[in-house]
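Accompanying notes for the structure given below.
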Amino acid sequence: MPAEFTRDQIAALAALAHLELDASEIDLFARQLGDILAYAEVVQQIDTTGVPPTASLVSRHAADRTDEVRPSLDRDEALRSAPDPALDDGFFKVPRVIG
Amino acid sequence: MMAPDMTVREVRDAVRSHTRSAADVCRDALARIEAINPRLNAFNTVVADRAMARAQEIDREPDRWRDAPLAGVPVALKDNLCTRGVRTTASSRMLEHYVPPYDATVVSRLERAGAVIVGKTNCDEFAMGSSNENSAFGPVRNPWALDRIPGGTSGGSAAAVAAGLTPLALGSDTGGSIRQPAALCGVVGLKPTYGRVSRYGLIAHASSLDQIGPLTRTVHDAALTLSVLAGSDAADATSATEPVPDYTAHLTGDVRGVRIGLPRALLEGIDAEVARAMMAALDVLEARGATLADVELPHARYATPVYYLVSTAEASSNLARYDGVRYGLRAADGPGTKDQELRAMYARTRGQGFGPEVKRRIMLGTYVLSAGYYDAYYLKAQQVRTLILRDYNQAFARVDVVAMPTSPTPAVRIGERVSDPVQMYLMDVFTVSANLSGLPAISVPCGFTRGPGAPKLGDAPSSDGGLPIGLQFMGRSFDEATLLRVADAYERDTEWSKHSPLLISSR
């Protein structure tokens, strides 16, 4: 695991996260992510052989409910929050995907 | 005029007995906000007309609200709790103009109990931070010292209650975001057990850690509010079905035989003033008949790094939804592109909409979840999370509550730690364990730093004296009743909750 990140590594990570970063942010995060992971290094030294991970604190499974139609958010109202809604057609509009 | 240090119970009783109308109470709260908030920046949005209309509605139907637990109580909501028809920003440019089409479950519950929502409070962007300096709308100022942080991330909620703008505010707590600002602003802050309060309508930060809870002037008010907020909710599959008691009925003042655990090894190196105040507080509880016992929490010192691995992983996943399509900001076309490509739109929107700390955490979370590093970081952190949980389970076999400071230091100056993320993260050292383990925890005022400490209303830097200190208790899962009973017993023998910052007049 890298103690320091290169600009290329940070740029690749930003691409994975769909995050546009400027040059100064890339430099800053290259340093800071390294600092934070160096600080978290202590976790690596703990013996966790045979210890199960805790991902959730919910011990009981959610109860089943009957699968029936119930009132929910009005479509127009939901669409109205969108930056570019097609209210008449009931769509969210996005930039062109296929050329 | 409503006294600025009136409690939830006092306001509620005054409204129910018609000593004060809900409209009068609401008008006073709005006037105080208008007069004082410009110095604090505690509110992102104030809904004066909506609040007055609601208060008048309560006055018109006294029979309907006769037994309402929060009749006419003005409440401030952290701006990451969705309010139908009222802008909800999470203090982010991404949601600056977002108006939710639905209410969070806690909002519906508060209103059913008679509360009057007066506005939305400033916080760190998407509830990420420890100082409230990460808000896109500027930092909140600590009412006790205006050049200092109020704590984060529910800093606006804590400042609003401390300055007497509202007797009640809601916050959310992912790693200490209710308790730490409560401590630094000298108010009570309660993080319930994970699942105790529905998270439906809370803008998600880290879903296995987030909980909603109250900030109040007294422990009784926190208990009263928790009874309103708690309970299962079909809209949140992680909400718990455990019965909800009347928590105020447990506030007997009797702590004889209660065993308080003290993790001494964890407390090395904390601020001397904080240590002194905490030990004095524990003496008070011992005098009431509680007993102290040492507890070992060998993995608790790993809680902060574990927290920053787990929470950033969850945050990077939760914040993937902000893509400029369904709500929030969409970046304009970039230079040279007429029809911008979809992926470029996502990246540009997120690059423009998120602030530095949110970007830093998305980056870190994306890294620890990425192929090749998942086992070393995320999986490892989750395993250590199990060990931390086991430590607490073992401790709670021997003691009823565990005591420790809420924050290792009193409020620092605005700007003091902002350039070093690791230094900022270390402020959460005592609070993150309750989130990783899901256990309930409360912060109560336990004193002030010594020395001349009059709050400064101008730009002069404050001295190190007169700053609030918070004491934290953690309890067993779903045993908020014991936690509140211990905290209330302590409060009965102290006067801290009766202090107010000088910028408000006391009664």
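In the structure tokens, each chain is lettered A, B, ... as it comes, each chain's residues begin at 1, and ligands are numbered from 1 in order of appearance.
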Report the residues of range 285-464 of chain B whose backbone DSSP state falls under alpha helix (DSSP H), written as a PyMOL selection string. chain B and resi 285-287+303-318+342-353+356-369+380-395+421-425+432-437
Within 7 Å of chain B, which residues belong to chain A? Use only C-alpha atoms and report them as number ranges by chain. A: 13-14, 17-21, 29, 33, 36, 40, 43, 48, 51-58, 62, 77-78, 81-83, 92, 94-97
Judged by only C-alpha atoms, the minimum distance to Leu28 in chain A among A:Leu73, A:Ala86, A:Ile46, A:Ile10 is found for A:Ile10
Expressed in Å, the length from CA of Arg87 in chain B to CA of Ser130 in chain B is 23.7 Å
Do you have the CA of Val11 in chain B-CA of Val73 in chain B distance handy? 6.2 Å
Taking the DSSP assignment computed from this structure's backbone, write out as a ChimeraX atom specification all residues of chain A that belong to strand (DSSP E). /A:85-86,91-92
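Restricting the calculation to only C-alpha atoms, the smallest distance between Ala397 in chain B and any of B:Val284, B:Ala489, B:Met278, B:Ile260 is found for B:Ile260.
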Please determine, counting only C-alpha atoms, which residue among B:Ala395, B:Leu202, B:Ala159, B:Val106 has the shortest atom-to-atom distance to Leu229 in chain B. B:Val106
